[in-house]
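*Asks:* You'll find upload.pdb just under this line, and it carries PDB, C-alpha atoms, pLDDT in the B column.
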```pdb
ATOM      1  CA  MET A   1     107.108 -78.825 187.242  1.00 58.00           C
ATOM      2  CA  LYS A   2     107.021 -75.142 188.223  1.00 57.00           C
ATOM      3  CA  LYS A   3     107.676 -74.103 184.641  1.00 57.00           C
ATOM      4  CA  ASN A   4     104.744 -76.176 183.396  1.00 55.00           C
ATOM      5  CA  LEU A   5     102.471 -74.686 186.034  1.00 51.00           C
ATOM      6  CA  LEU A   6     103.557 -71.146 185.103  1.00 48.00           C
ATOM      7  CA  PHE A   7     102.888 -71.927 181.452  1.00 48.00           C
ATOM      8  CA  PHE A   8      99.289 -72.954 182.178  1.00 47.00           C
ATOM      9  CA  VAL A   9      98.625 -70.120 184.604  1.00 47.00           C
ATOM     10  CA  PHE A  10      99.965 -67.273 182.444  1.00 49.00           C
ATOM     11  CA  ILE A  11     100.430 -68.298 178.824  1.00 49.00           C
ATOM     12  CA  ILE A  12      97.214 -70.242 178.134  1.00 47.00           C
ATOM     13  CA  PRO A  13      94.890 -67.345 179.181  1.00 48.00           C
ATOM     14  CA  ILE A  14      96.863 -64.968 176.973  1.00 43.00           C
ATOM     15  CA  LEU A  15      96.610 -67.296 173.987  1.00 42.00           C
ATOM     16  CA  SER A  16      92.884 -67.793 174.634  1.00 45.00           C
ATOM     17  CA  SER A  17      92.239 -64.058 174.576  1.00 46.00           C
ATOM     18  CA  CYS A  18      94.116 -63.757 171.284  1.00 44.00           C
ATOM     19  CA  ASN A  19      91.907 -66.486 169.824  1.00 46.00           C
ATOM     20  CA  THR A  20      88.769 -64.668 170.974  1.00 49.00           C
ATOM     21  CA  TYR A  21      89.936 -61.429 169.387  1.00 55.00           C
ATOM     22  CA  SER A  22      90.737 -63.159 166.103  1.00 74.00           C
ATOM     23  CA  LYS A  23      87.246 -64.725 165.947  1.00 79.00           C
ATOM     24  CA  ALA A  24      85.671 -61.313 166.496  1.00 78.00           C
ATOM     25  CA  GLU A  25      87.999 -59.759 163.919  1.00 86.00           C
ATOM     26  CA  ARG A  26      87.135 -62.438 161.358  1.00 85.00           C
ATOM     27  CA  ALA A  27      83.408 -61.957 161.974  1.00 85.00           C
ATOM     28  CA  ILE A  28      83.506 -58.184 161.615  1.00 87.00           C
ATOM     29  CA  SER A  29      85.872 -58.381 158.622  1.00 90.00           C
ATOM     30  CA  THR A  30      83.137 -60.103 156.633  1.00 90.00           C
ATOM     31  CA  TRP A  31      81.572 -56.636 156.336  1.00 93.00           C
ATOM     32  CA  ASP A  32      84.529 -55.130 154.480  1.00 95.00           C
ATOM     33  CA  ASN A  33      83.534 -53.953 150.988  1.00 97.00           C
ATOM     34  CA  ARG A  34      79.825 -54.553 151.612  1.00 97.00           C
ATOM     35  CA  THR A  35      77.352 -51.702 151.240  1.00 97.00           C
ATOM     36  CA  ARG A  36      76.043 -49.287 153.819  1.00 97.00           C
ATOM     37  CA  GLN A  37      72.506 -50.495 153.105  1.00 97.00           C
ATOM     38  CA  GLU A  38      73.426 -54.152 153.679  1.00 96.00           C
ATOM     39  CA  LEU A  39      74.882 -53.227 157.055  1.00 95.00           C
ATOM     40  CA  ILE A  40      71.843 -51.217 158.124  1.00 96.00           C
ATOM     41  CA  SER A  41      69.423 -53.920 156.970  1.00 95.00           C
ATOM     42  CA  GLN A  42      71.200 -56.495 159.139  1.00 92.00           C
ATOM     43  CA  TRP A  43      72.352 -54.408 162.131  1.00 91.00           C
ATOM     44  CA  GLY A  44      69.588 -51.804 162.153  1.00 92.00           C
ATOM     45  CA  ALA A  45      70.058 -48.046 162.334  1.00 95.00           C
ATOM     46  CA  PRO A  46      73.398 -46.965 163.826  1.00 95.00           C
ATOM     47  CA  ASN A  47      73.484 -45.242 167.210  1.00 94.00           C
ATOM     48  CA  GLN A  48      75.574 -42.413 165.753  1.00 95.00           C
ATOM     49  CA  VAL A  49      76.679 -41.217 162.327  1.00 97.00           C
ATOM     50  CA  PHE A  50      79.675 -38.946 161.821  1.00 97.00           C
ATOM     51  CA  PRO A  51      80.310 -37.355 158.417  1.00 97.00           C
ATOM     52  CA  THR A  52      83.947 -37.343 157.266  1.00 96.00           C
ATOM     53  CA  ASP A  53      85.805 -36.032 154.235  1.00 96.00           C
ATOM     54  CA  ASP A  54      85.917 -39.595 152.869  1.00 92.00           C
ATOM     55  CA  GLY A  55      82.288 -40.521 153.613  1.00 97.00           C
ATOM     56  CA  GLU A  56      80.986 -41.310 157.080  1.00 97.00           C
ATOM     57  CA  ILE A  57      81.454 -43.407 160.203  1.00 95.00           C
ATOM     58  CA  LEU A  58      78.560 -45.497 161.484  1.00 94.00           C
ATOM     59  CA  VAL A  59      78.808 -46.284 165.190  1.00 94.00           C
ATOM     60  CA  TYR A  60      76.973 -49.062 166.996  1.00 90.00           C
ATOM     61  CA  TYR A  61      76.914 -49.548 170.762  1.00 87.00           C
ATOM     62  CA  GLY A  62      75.905 -52.654 172.644  1.00 81.00           C
ATOM     63  CA  ASN A  63      76.073 -53.966 176.169  1.00 73.00           C
ATOM     64  CA  THR A  64      78.437 -56.807 176.858  1.00 65.00           C
ATOM     65  CA  THR A  65      79.020 -59.011 179.856  1.00 63.00           C
ATOM     66  CA  THR A  66      82.232 -60.953 180.237  1.00 61.00           C
ATOM     67  CA  HIS A  67      82.635 -63.847 182.637  1.00 57.00           C
ATOM     68  CA  ARG A  68      86.136 -64.764 183.713  1.00 61.00           C
ATOM     69  CA  LYS A  69      86.959 -67.587 186.061  1.00 64.00           C
ATOM     70  CA  THR A  70      90.179 -68.274 187.874  1.00 64.00           C
ATOM     71  CA  TRP A  71      91.055 -71.020 190.275  1.00 64.00           C
ATOM     72  CA  THR A  72      89.778 -69.087 193.244  1.00 66.00           C
ATOM     73  CA  TRP A  73      87.069 -66.674 192.063  1.00 64.00           C
ATOM     74  CA  SER A  74      84.734 -65.679 189.269  1.00 64.00           C
ATOM     75  CA  VAL A  75      84.588 -62.178 187.833  1.00 62.00           C
ATOM     76  CA  VAL A  76      81.715 -60.674 185.865  1.00 62.00           C
ATOM     77  CA  GLU A  77      82.474 -57.473 183.959  1.00 65.00           C
ATOM     78  CA  SER A  78      79.917 -55.390 182.106  1.00 71.00           C
ATOM     79  CA  GLY A  79      80.642 -52.671 179.622  1.00 75.00           C
ATOM     80  CA  THR A  80      79.677 -50.949 176.447  1.00 81.00           C
ATOM     81  CA  CYS A  81      80.874 -52.371 173.172  1.00 82.00           C
ATOM     82  CA  LYS A  82      81.656 -49.792 170.474  1.00 88.00           C
ATOM     83  CA  ILE A  83      81.830 -50.878 166.828  1.00 90.00           C
ATOM     84  CA  GLN A  84      82.657 -48.429 164.045  1.00 94.00           C
ATOM     85  CA  PHE A  85      82.240 -48.966 160.323  1.00 96.00           C
ATOM     86  CA  PHE A  86      83.977 -46.561 157.966  1.00 97.00           C
ATOM     87  CA  ILE A  87      81.940 -45.941 154.821  1.00 97.00           C
ATOM     88  CA  ASN A  88      83.413 -44.353 151.686  1.00 97.00           C
ATOM     89  CA  LYS A  89      81.608 -42.018 149.278  1.00 97.00           C
ATOM     90  CA  SER A  90      80.589 -45.031 147.174  1.00 97.00           C
ATOM     91  CA  GLU A  91      78.705 -46.242 150.268  1.00 97.00           C
ATOM     92  CA  ARG A  92      80.995 -49.246 150.777  1.00 98.00           C
ATOM     93  CA  ILE A  93      82.610 -50.297 154.053  1.00 97.00           C
ATOM     94  CA  TYR A  94      86.357 -49.857 153.769  1.00 96.00           C
ATOM     95  CA  ASN A  95      87.438 -50.250 157.404  1.00 95.00           C
ATOM     96  CA  HIS A  96      86.143 -51.058 160.868  1.00 93.00           C
ATOM     97  CA  SER A  97      87.149 -50.996 164.513  1.00 90.00           C
ATOM     98  CA  PHE A  98      85.766 -52.313 167.762  1.00 86.00           C
ATOM     99  CA  ASP A  99      86.494 -51.758 171.411  1.00 83.00           C
ATOM    100  CA  ASN A 100      85.435 -53.582 174.577  1.00 76.00           C
ATOM    101  CA  CYS A 101      83.379 -56.082 172.592  1.00 75.00           C
ATOM    102  CA  GLU A 102      82.734 -59.646 173.588  1.00 65.00           C
ATOM    103  CA  ASN A 103      83.369 -62.117 170.808  1.00 61.00           C
ATOM    104  CA  LYS A 104      79.806 -63.522 170.940  1.00 62.00           C
ATOM    105  CA  TYR A 105      78.247 -60.065 170.495  1.00 62.00           C
ATOM    106  CA  ILE A 106      80.072 -59.350 167.228  1.00 67.00           C
ATOM    107  CA  ILE A 107      79.537 -62.815 165.794  1.00 62.00           C
ATOM    108  CA  GLN A 108      75.829 -62.708 166.638  1.00 66.00           C
ATOM    109  CA  LYS A 109      75.381 -59.260 165.063  1.00 68.00           C
ATOM    110  CA  SER A 110      77.281 -60.360 161.960  1.00 66.00           C
ATOM    111  CA  HIS A 111      75.079 -63.422 161.432  1.00 61.00           C
ATOM    112  CA  ASP A 112      71.609 -62.284 162.552  1.00 56.00           C
TER     113      ASP A 112
END
```
Represent the supplied structure as structure tokens.

*Replies:*
Amino acid sequence: MKKNLLFFVFIIPILSSCNTYSKAERAISTWDNRTRQELISQWGAPNQVFPTDDGEILVYYGNTTTHRKTWTWSVVESGTCKIQFFINKSERIYNHSFDNCENKYIIQKSHD
């Protein structure tokens, strides 16, 4: 019985967070190989643009709020989501990254 309880207390939350990350990754991956202009028309102007030798990096910031519940308390965490799109000289997205982003924020931005 203790082993089953430990499984639900520790393993299930870890697997749930992996699922959330994979949904966000799938949503943002839909932008790979699309054009810079397509991105800007859907997401709006980036918050920052950094030129690189290969093209440029477009950076978007957004506010996120995460709600986590445990058996005994509820935690609300706020932060800044950072999403980067790497654009090549042909003005196509060839890579991306994101940090501290809630799954819903990325999916919403990708489907607005």

*Asks:* Could you tell me, as an NGL selection string, exactly which residues end up selected when the PyMOL selection byres ((chain A and resi 48) around 10) is applied to this structure?

*Replies:* :A and (45-47 or 49-50 or 57-61 or 84)

*Asks:* Looking at A:Glu38, A:Asp32, A:Glu56, A:Asp99, which one is nearest to Ile87 (chain A), with distances taken over all atoms listed in the file?

*Replies:*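 Closest residue, counting all atoms listed in the file: A:Glu56.
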
*Asks:* Can you tell me how far CA of Cys81 (chain A) sits from CA of Asp54 (chain A), in Å to one decimal?

*Replies:*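 CA of Cys81 (chain A) sits 24.5 Å away from CA of Asp54 (chain A).
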
*Asks:* Please measure the separation of CA of Ser22 (chain A) and CA of Tyr94 (chain A), giving the value in Å to one decimal.

*Replies:*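 Between CA of Ser22 (chain A) and CA of Tyr94 (chain A) the gap works out to 18.7 Å.
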
*Asks:* Which residues are close to Phe98 (chain A), i.e. within 9 Å by all atoms listed in the file, leaving aside same-chain residues fewer than 5 positions away? Reply as a list of chain:residue names.

*Replies:*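 These residues fall inside the cut-off: A:Glu25, A:Ile28, A:Cys81, A:Lys82, A:Ile83, A:Gln84, A:Phe85.
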
*Asks:* State, in Å with one decimal place, the distance from CA of Pro51 (chain A) to CA of Ala24 (chain A).

*Replies:* 25.8 Å

*Asks:* Between A:Lys23, A:Gln42, A:Gln37, A:Ser29, which has the minimum distance to Arg92 (chain A) (counting only C-alpha atoms)?

*Replies:* A:Gln37

*Asks:* Pick the closest to Asn95 (chain A) from A:Thr52, A:Asn33, A:Ser41, A:Thr80: which is it, counting only C-alpha atoms?

*Replies:*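 Of the candidates, the smallest distance to Asn95 (chain A) is held by A:Asn33.
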
*Asks:* Got a minute to add N, CA and C atoms to region 84-97 of chain A and dump it as a PDB file, in the frame of the given file?

*Replies:*
```pdb
ATOM      1  N   GLN A  84      82.710 -49.479 165.057  1.00 94.00           N
ATOM      2  CA  GLN A  84      82.657 -48.429 164.045  1.00 94.00           C
ATOM      3  C   GLN A  84      82.881 -49.027 162.661  1.00 94.00           C
ATOM      4  N   PHE A  85      82.069 -48.592 161.728  1.00 96.00           N
ATOM      5  CA  PHE A  85      82.240 -48.966 160.323  1.00 96.00           C
ATOM      6  C   PHE A  85      82.527 -47.693 159.546  1.00 96.00           C
ATOM      7  N   PHE A  86      83.578 -47.711 158.773  1.00 97.00           N
ATOM      8  CA  PHE A  86      83.977 -46.561 157.966  1.00 97.00           C
ATOM      9  C   PHE A  86      83.447 -46.766 156.547  1.00 97.00           C
ATOM     10  N   ILE A  87      82.628 -45.839 156.103  1.00 97.00           N
ATOM     11  CA  ILE A  87      81.940 -45.941 154.821  1.00 97.00           C
ATOM     12  C   ILE A  87      82.526 -44.899 153.869  1.00 97.00           C
ATOM     13  N   ASN A  88      82.883 -45.320 152.650  1.00 97.00           N
ATOM     14  CA  ASN A  88      83.413 -44.353 151.686  1.00 97.00           C
ATOM     15  C   ASN A  88      82.277 -43.669 150.918  1.00 97.00           C
ATOM     16  N   LYS A  89      82.633 -42.774 150.019  1.00 97.00           N
ATOM     17  CA  LYS A  89      81.608 -42.018 149.278  1.00 97.00           C
ATOM     18  C   LYS A  89      80.803 -42.899 148.327  1.00 97.00           C
ATOM     19  N   SER A  90      81.335 -44.066 148.000  1.00 97.00           N
ATOM     20  CA  SER A  90      80.589 -45.031 147.174  1.00 97.00           C
ATOM     21  C   SER A  90      79.664 -45.891 148.022  1.00 97.00           C
ATOM     22  N   GLU A  91      79.553 -45.540 149.301  1.00 97.00           N
ATOM     23  CA  GLU A  91      78.705 -46.242 150.268  1.00 97.00           C
ATOM     24  C   GLU A  91      79.126 -47.689 150.503  1.00 97.00           C
ATOM     25  N   ARG A  92      80.438 -47.925 150.477  1.00 98.00           N
ATOM     26  CA  ARG A  92      80.995 -49.246 150.777  1.00 98.00           C
ATOM     27  C   ARG A  92      81.837 -49.161 152.047  1.00 98.00           C
ATOM     28  N   ILE A  93      81.809 -50.226 152.833  1.00 97.00           N
ATOM     29  CA  ILE A  93      82.610 -50.297 154.053  1.00 97.00           C
ATOM     30  C   ILE A  93      84.059 -50.556 153.651  1.00 97.00           C
ATOM     31  N   TYR A  94      84.953 -49.669 154.111  1.00 96.00           N
ATOM     32  CA  TYR A  94      86.357 -49.857 153.769  1.00 96.00           C
ATOM     33  C   TYR A  94      87.231 -50.120 154.997  1.00 96.00           C
ATOM     34  N   ASN A  95      86.666 -49.977 156.197  1.00 95.00           N
ATOM     35  CA  ASN A  95      87.438 -50.250 157.404  1.00 95.00           C
ATOM     36  C   ASN A  95      86.462 -50.399 158.568  1.00 95.00           C
ATOM     37  N   HIS A  96      86.963 -50.878 159.680  1.00 93.00           N
ATOM     38  CA  HIS A  96      86.143 -51.058 160.868  1.00 93.00           C
ATOM     39  C   HIS A  96      87.040 -51.033 162.098  1.00 93.00           C
ATOM     40  N   SER A  97      86.428 -50.856 163.252  1.00 90.00           N
ATOM     41  CA  SER A  97      87.149 -50.996 164.513  1.00 90.00           C
ATOM     42  C   SER A  97      86.144 -51.393 165.583  1.00 90.00           C
TER      43      SER A  97
END
```
